[in-house]
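Engineer: I am sharing final.cif, which consists of mmCIF, C-alpha atoms:
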data_structure
loop_
_atom_site.label_atom_id
_atom_site.label_comp_id
_atom_site.auth_asym_id
_atom_site.auth_seq_id
_atom_site.Cartn_x
_atom_site.Cartn_y
_atom_site.Cartn_z
CA MET J 1 0.00 0.00 0.00
CA LYS J 2 1.30 3.43 -0.89
CA LYS J 3 2.25 5.48 2.14
CA ILE J 4 1.51 9.15 2.52
CA LEU J 5 3.19 11.26 5.18
CA LEU J 6 1.52 14.43 6.39
CA MET J 7 4.29 16.83 7.26
CA GLY J 8 4.50 20.51 8.11
CA ASN J 9 5.37 23.10 10.72
CA PRO J 10 3.75 22.77 14.14
CA ASN J 11 0.21 24.10 14.37
CA VAL J 12 -0.71 24.28 10.69
CA GLY J 13 -3.57 21.78 10.83
CA LYS J 14 -1.98 18.47 9.93
CA SER J 15 -4.19 16.56 12.32
CA VAL J 16 -7.35 18.20 10.99
CA PHE J 17 -6.08 17.21 7.56
CA PHE J 18 -5.53 13.67 8.77
CA ASN J 19 -9.01 13.40 10.23
CA ARG J 20 -10.55 14.70 7.01
CA LEU J 21 -8.64 12.29 4.81
CA THR J 22 -9.10 9.19 6.93
CA GLY J 23 -12.32 9.84 8.81
CA ALA J 24 -10.44 9.15 12.05
CA ASN J 25 -10.76 11.25 15.14
CA VAL J 26 -7.37 12.13 16.57
CA ILE J 27 -7.08 14.95 19.04
CA GLU J 28 -6.81 18.37 17.49
CA SER J 29 -6.17 21.56 19.34
CA ASN J 30 -5.17 25.04 18.44
CA TYR J 31 -1.76 25.11 19.99
CA PRO J 32 1.53 23.73 18.69
CA GLY J 33 2.93 20.40 19.77
CA THR J 34 -0.36 18.49 20.01
CA THR J 35 0.96 15.60 17.95
CA VAL J 36 4.14 14.34 19.61
CA ASP J 37 3.97 10.79 18.35
CA TYR J 38 2.58 9.68 15.02
CA THR J 39 -0.87 8.37 14.10
CA LYS J 40 -1.65 6.04 11.24
CA GLY J 41 -4.87 5.75 9.23
CA TYR J 42 -6.20 4.61 5.91
CA MET J 43 -7.80 6.37 3.02
CA LYS J 44 -9.70 4.92 0.07
CA GLY J 45 -8.65 6.50 -3.20
CA ASN J 46 -10.31 6.12 -6.58
CA SER J 47 -8.14 3.28 -7.77
CA GLU J 48 -5.99 2.42 -4.76
CA ASP J 49 -5.90 2.69 -1.00
CA PHE J 50 -3.38 4.70 0.94
CA GLU J 51 -1.86 4.51 4.37
CA ILE J 52 -1.71 7.99 5.84
CA ILE J 53 0.64 8.94 8.63
CA ASP J 54 0.17 12.08 10.70
CA VAL J 55 3.70 13.18 11.55
CA PRO J 56 4.52 15.59 14.41
CA GLY J 57 5.17 19.15 13.31
CA THR J 58 8.70 20.22 12.58
CA PHE J 59 10.35 23.43 11.44
CA SER J 60 13.19 21.70 9.63
CA LEU J 61 14.73 18.31 9.05
CA GLU J 62 17.43 19.02 11.62
CA PRO J 63 15.63 17.94 14.78
CA LYS J 64 15.74 20.17 17.85
CA ASP J 65 13.43 18.18 20.15
CA LYS J 66 11.79 14.77 20.61
CA ALA J 67 8.78 15.47 18.41
CA GLU J 68 10.97 16.71 15.60
CA GLU J 69 13.20 13.66 15.97
CA VAL J 70 10.16 11.45 15.46
CA ALA J 71 9.23 13.46 12.36
CA VAL J 72 12.64 13.18 10.76
CA LYS J 73 12.97 9.49 11.62
CA MET J 74 9.59 8.74 10.06
CA LEU J 75 10.62 10.45 6.85
CA GLU J 76 13.91 8.60 6.71
CA GLU J 77 12.32 5.22 7.36
CA LYS J 78 9.70 5.58 4.65
CA LYS J 79 11.84 6.07 1.59
CA ASP J 80 9.05 5.22 -0.85
CA ALA J 81 6.43 7.48 0.73
CA LEU J 82 4.74 10.45 -0.80
CA VAL J 83 4.63 13.59 1.33
CA ILE J 84 1.72 15.97 1.63
CA CYS J 85 3.44 19.03 2.99
CA VAL J 86 0.88 21.10 4.86
CA ILE J 87 1.91 24.70 5.32
CA ASP J 88 0.24 27.72 6.86
CA ALA J 89 -0.52 30.06 3.94
CA SER J 90 -0.22 33.05 6.26
CA LYS J 91 3.29 31.99 7.31
CA ILE J 92 4.42 30.76 3.96
CA GLU J 93 8.16 31.36 4.18
CA ARG J 94 8.92 28.98 7.02
CA GLY J 95 6.61 26.40 5.45
CA LEU J 96 8.39 26.57 2.14
CA TYR J 97 11.70 26.11 3.93
CA LEU J 98 10.57 22.71 5.18
CA ALA J 99 8.91 21.85 1.87
CA LEU J 100 12.17 22.50 0.03
CA GLU J 101 14.08 20.33 2.48
CA ILE J 102 11.69 17.47 1.83
CA ILE J 103 11.85 17.97 -1.93
CA GLU J 104 15.64 18.06 -1.67
CA ARG J 105 15.63 14.58 -0.16
CA GLY J 106 13.89 13.29 -3.25
CA TYR J 107 10.36 12.70 -1.99
CA PRO J 108 7.37 13.38 -4.24
CA VAL J 109 5.54 16.26 -2.59
CA VAL J 110 2.05 17.72 -2.79
CA LEU J 111 2.02 21.19 -1.27
CA ALA J 112 -1.15 22.13 0.62
CA LEU J 113 -1.45 25.83 1.43
CA ASN J 114 -3.67 25.42 4.43
CA MET J 115 -5.45 28.17 6.37
CA TRP J 116 -6.09 29.87 3.05
CA ASP J 117 -8.92 31.84 4.65
CA VAL J 118 -6.60 33.17 7.36
CA ALA J 119 -4.14 34.34 4.72
CA GLU J 120 -6.96 36.06 2.85
CA ASP J 121 -8.08 37.79 6.03
CA LYS J 122 -4.54 39.06 6.51
CA ASN J 123 -4.54 40.28 2.91
CA ILE J 124 -1.72 37.95 1.92
CA GLN J 125 -1.80 37.21 -1.77
CA ILE J 126 -0.12 34.09 -3.07
CA ASP J 127 0.40 33.41 -6.76
CA ILE J 128 -0.35 29.68 -6.90
CA GLU J 129 0.33 29.29 -10.61
CA LYS J 130 3.77 30.82 -10.17
CA LEU J 131 4.53 28.62 -7.17
CA LYS J 132 3.51 25.59 -9.22
CA SER J 133 5.75 26.56 -12.11
CA ILE J 134 8.73 27.23 -9.83
CA LEU J 135 8.43 24.13 -7.68
CA ASN J 136 7.03 21.89 -10.40
CA ILE J 137 4.81 20.09 -7.88
CA PRO J 138 1.05 20.23 -7.24
CA VAL J 139 0.11 23.22 -5.07
CA VAL J 140 -3.40 23.32 -3.60
CA PRO J 141 -5.01 26.00 -1.43
CA THR J 142 -6.96 24.36 1.38
CA ILE J 143 -9.06 25.16 4.43
CA ALA J 144 -8.85 22.03 6.54
CA ILE J 145 -11.56 22.93 9.02
CA SER J 146 -14.15 23.48 6.27
CA GLY J 147 -12.85 20.86 3.83
CA LYS J 148 -12.07 23.21 0.97
CA GLY J 149 -9.51 21.91 -1.50
CA PHE J 150 -9.43 18.31 -0.30
CA LYS J 151 -10.76 16.83 -3.49
CA GLU J 152 -7.97 18.50 -5.37
CA VAL J 153 -5.36 17.31 -2.87
CA VAL J 154 -6.46 13.72 -3.32
CA LEU J 155 -6.50 14.10 -7.10
CA SER J 156 -3.02 15.67 -6.97
CA ILE J 157 -1.49 12.65 -5.27
CA LYS J 158 -1.23 10.92 -8.63
CA LYS J 159 0.54 13.88 -10.18
CA ALA J 160 3.25 14.22 -7.54
CA ALA J 161 6.74 13.20 -8.56
CA SER J 162 10.14 13.94 -7.12
CA VAL J 163 11.80 16.99 -8.60
CA GLY J 164 15.32 18.35 -8.51
CA VAL J 165 16.11 21.20 -6.15
CA LYS J 166 18.69 22.44 -8.63
CA GLU J 167 16.05 23.32 -11.21
CA ILE J 168 13.98 25.05 -8.54
CA MET J 169 16.92 27.16 -7.45
CA GLU J 170 17.63 28.10 -11.07
CA LYS J 171 14.06 29.31 -11.48
CA VAL J 172 14.26 31.24 -8.21
CA GLY J 173 17.46 32.82 -9.49
CA GLU J 174 15.59 34.04 -12.55
CA ILE J 175 13.05 35.88 -10.43
CA LYS J 176 15.68 38.00 -8.76
CA MET O 18 22.16 50.86 16.76
CA GLU O 19 23.23 47.25 16.93
CA LYS O 20 22.25 45.03 19.82
CA LYS O 21 21.51 41.44 20.62
CA LEU O 22 18.00 40.24 19.92
CA SER O 23 17.76 39.28 23.59
CA GLU O 24 18.43 42.91 24.55
CA MET O 25 15.66 44.39 22.45
CA ASN O 26 12.95 46.23 24.31
CA TYR O 27 9.26 45.71 24.23
CA GLU O 28 7.70 46.83 20.89
CA GLU O 29 11.11 47.67 19.50
CA GLU O 30 11.67 46.84 15.83
CA GLY O 31 14.85 45.85 14.10
CA ARG O 32 16.49 44.14 11.17
CA VAL O 33 18.59 41.00 11.55
CA GLU O 34 22.25 41.86 11.02
CA SER O 35 23.95 38.59 11.81
CA ILE O 36 23.26 35.14 13.18
CA GLU O 37 25.85 32.86 14.73
CA GLN O 38 26.95 30.44 12.03
CA ASN O 39 25.89 27.18 13.67
CA LEU O 40 22.50 28.66 14.53
CA LYS O 41 21.62 29.83 11.02
CA ASN O 42 19.94 26.66 9.80
CA LYS O 43 18.20 26.15 13.10
CA VAL O 44 16.30 29.43 12.97
CA ALA O 45 15.88 29.56 9.17
CA GLY O 46 13.02 27.09 9.50
CA MET O 47 11.28 29.61 11.72
CA GLY O 48 11.59 32.33 9.10
CA ILE O 49 14.47 34.14 10.78
CA ARG O 50 17.41 35.01 8.55
CA VAL O 51 19.71 37.96 7.90
CA GLY O 52 17.78 40.93 6.51
CA LYS O 53 14.47 40.03 8.13
CA ASN O 54 12.52 42.62 10.08
CA LEU O 55 11.58 41.62 13.61
CA LYS O 56 9.48 43.14 16.35
CA MET O 57 9.77 42.28 20.03
CA ILE O 58 6.40 41.23 21.37
CA THR O 59 7.00 39.71 24.80
CA LYS O 60 9.92 39.03 27.09
CA HIS O 61 9.23 36.48 29.76
CA PRO O 62 10.74 36.96 33.21
CA LEU O 63 13.35 34.76 34.88
CA LYS O 64 15.33 34.31 31.67
CA GLY O 65 12.30 32.83 29.96
CA PRO O 66 11.75 32.80 26.23
CA ILE O 67 11.05 35.84 24.09
CA VAL O 68 8.27 36.20 21.54
CA ILE O 69 8.98 38.08 18.33
CA GLU O 70 6.98 38.91 15.25
CA VAL O 71 8.34 37.86 11.85
CA ASP O 72 6.26 38.27 8.68
CA GLY O 73 3.15 38.91 10.72
CA ALA O 74 3.55 35.67 12.66
CA HIS O 75 4.62 35.21 16.26
CA THR O 76 7.55 32.96 17.07
CA SER O 77 9.10 32.22 20.41
CA LEU O 78 12.81 31.74 20.97
CA ALA O 79 14.83 30.66 23.96
CA LEU O 80 16.76 33.55 25.47
CA SER O 81 20.01 31.65 24.85
CA VAL O 82 19.14 31.50 21.17
CA ALA O 83 18.19 35.19 21.05
CA ASP O 84 21.60 35.96 22.59
CA ARG O 85 23.27 34.74 19.43
CA ILE O 86 21.36 36.93 16.98
CA VAL O 87 22.37 40.54 16.37
CA VAL O 88 19.85 43.12 15.14
CA GLU O 89 20.07 46.69 13.91
CA VAL O 90 17.40 48.49 15.88
CA LYS O 91 15.26 51.11 14.15
CA LYS O 92 15.09 54.51 15.81
#
Can you dump the structure from the file as structure tokens?
Structural biologist:
Amino acid sequence: MKKILLMGNPNVGKSVFFNRLTGANVIESNYPGTTVDYTKGYMKGNSEDFEIIDVPGTFSLEPKDKAEEVAVKMLEEKKDALVICVIDASKIERGLYLALEIIERGYPVVLALNMWDVAEDKNIQIDIEKLKSILNIPVVPTIAISGKGFKEVVLSIKKAASVGVKEIMEKVGEIK
Amino acid sequence: MEKKLSEMNYEEEGRVESIEQNLKNKVAGMGIRVGKNLKMITKHPLKGPIVIEVDGAHTSLALSVADRIVVEVKK
């Protein structure tokens, strides 16, 4: 069964994401560090089933505490997994930092820009098409608590493939 | 004026001048890097952590970490 890891910074809504995708009911709360260990669940796709793992939040792949250690270890153990990188659209820079680290390690990534409504409230505008063309991975705006964008996330899983960080950096260089 | 991030006062704003080399990657994941604008939000007593604002988001840092970041404070 294909494995999917849900990764992202602490407090971006990974567990809400997990519950939505699997129909499970893990504890969610609105402060960071709720998920210290991992939770596993299953999701039925159109043509295949997936095992989904809710990974503790981490800022980077260089662990600073126990929860982050768990996160990095999970990623390293599941070499053939696909990663749904959940990031807070209103704090996009630190999210992209982690996303790039995961991409750099060769994992196929689907980027979910969660809390899209919060970003809109803060008047943060994100050019999704441009992000897609730079990163060359599926990028989907989502609102986990209302369920917006989930269909697209699931559909994007098929499209995700590992990409080279080199090409991304070249494209970023062009922007400057 | 340059000072350590840990020495910034309440509500003071500044731009990151330098970060200790072996700390750079550690704080980059929190959106803190050279050139970023920061604002001091809270300083906890008894050498507790500080809370700063970066890109409109709050982040907390241990005082020992804030000691190793230098900022240019805006007048």
Engineer: Please determine the contact residues of chain J with respect to chain O at a cut-off of 9 Å, counting all atoms listed in the file, and supply them as a PyMOL selection string.
Structural biologist: chain J and resi 9+58-64+90-98+122
Engineer: For C-alpha atoms, I'd like the residues from the last selection saved as a PDB file, in the frame of the given file.
Structural biologist:
ATOM      1  CA  ASN J   9       5.370  23.100  10.720  1.00  0.00           C
ATOM      2  CA  THR J  58       8.700  20.220  12.580  1.00  0.00           C
ATOM      3  CA  PHE J  59      10.350  23.430  11.440  1.00  0.00           C
ATOM      4  CA  SER J  60      13.190  21.700   9.630  1.00  0.00           C
ATOM      5  CA  LEU J  61      14.730  18.310   9.050  1.00  0.00           C
ATOM      6  CA  GLU J  62      17.430  19.020  11.620  1.00  0.00           C
ATOM      7  CA  PRO J  63      15.630  17.940  14.780  1.00  0.00           C
ATOM      8  CA  LYS J  64      15.740  20.170  17.850  1.00  0.00           C
ATOM      9  CA  SER J  90      -0.220  33.050   6.260  1.00  0.00           C
ATOM     10  CA  LYS J  91       3.290  31.990   7.310  1.00  0.00           C
ATOM     11  CA  ILE J  92       4.420  30.760   3.960  1.00  0.00           C
ATOM     12  CA  GLU J  93       8.160  31.360   4.180  1.00  0.00           C
ATOM     13  CA  ARG J  94       8.920  28.980   7.020  1.00  0.00           C
ATOM     14  CA  GLY J  95       6.610  26.400   5.450  1.00  0.00           C
ATOM     15  CA  LEU J  96       8.390  26.570   2.140  1.00  0.00           C
ATOM     16  CA  TYR J  97      11.700  26.110   3.930  1.00  0.00           C
ATOM     17  CA  LEU J  98      10.570  22.710   5.180  1.00  0.00           C
ATOM     18  CA  LYS J 122      -4.540  39.060   6.510  1.00  0.00           C
TER      19      LYS J 122
END
Engineer: What gap, in Å, lies between atom CA of O:Lys53 and atom CA of J:Asn114?
Structural biologist: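 Answer for the atom CA of O:Lys53 to atom CA of J:Asn114 separation: 23.6 Å.
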Engineer: Would you list the contacts of stretch 86-89 of chain O as a list in words, taking every protein, DNA or RNA residue within 10 Å and counting all atoms listed in the file, but skipping same-chain residues closer than 4 positions in sequence?
Structural biologist: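 Listed by chain and then number, they are Met18, Glu19, Lys20, Lys21, Leu22, Ser23, Glu24, Met25, Glu30, Gly31, Arg32, Val33, Glu34, Ser35, Ile36, Glu37, Gln38, Leu40, Lys41, Val44, Ile49, Arg50, Val51, Gly52, Lys53, Asn54, Leu55, Ser81 and Val82 of chain O.
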Engineer: Quick one: residues within 7 Å of J:Ser162, all atoms listed in the file counted, chain neighbours fewer than 6 positions away excluded, as a ChimeraX atom specification?
Structural biologist: /J:103,106-109
Engineer: For atom CA of J:Asn123 and atom CA of J:Pro141, determine how far apart the two atoms are, in Å to one decimal place.
Structural biologist: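 These atoms are spaced 14.9 Å apart.
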Engineer: Please define a box with edges along x, y and z of the file around all atoms of stretch 130-136 of chain J given in the file, extend it by 3 Å on each side, and return its centre and edge lengths in Å to one decimal, as lines of an AutoDock Vina configuration file.
Structural biologist:
center_x = 6.1
center_y = 26.4
center_z = -9.6
size_x = 11.2
size_y = 14.9
size_z = 10.9
Engineer: Please provide the set of residues having any atom within 8 Å of J:Leu21, restricted to all atoms listed in the file, with same-chain residues fewer than 2 positions apart removed, written as a list in words.
Structural biologist: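 Listed by chain and then number, they are Phe17, Phe18, Asn19, Gly23, Met43 and Phe150 of chain J.
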Engineer: How many Å separate atom CA of J:Leu100 from atom CA of J:Ile124?
Structural biologist: 20.9 Å
Engineer: Can you list, as a PyMOL selection string, the residues that the PyMOL selection byres ((chain J and resi 72-81) around 7) selects here?
Structural biologist: chain J and resi 2-5+61+63+68-71+82-83
Engineer: Which residue out of J:Asp88, J:Glu28, J:Asp54, J:Glu101 has the minimum interatomic distance to J:Ile168 when all atoms listed in the file are used?
Structural biologist: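 Distance minimum relative to J:Ile168 lands on J:Glu101.
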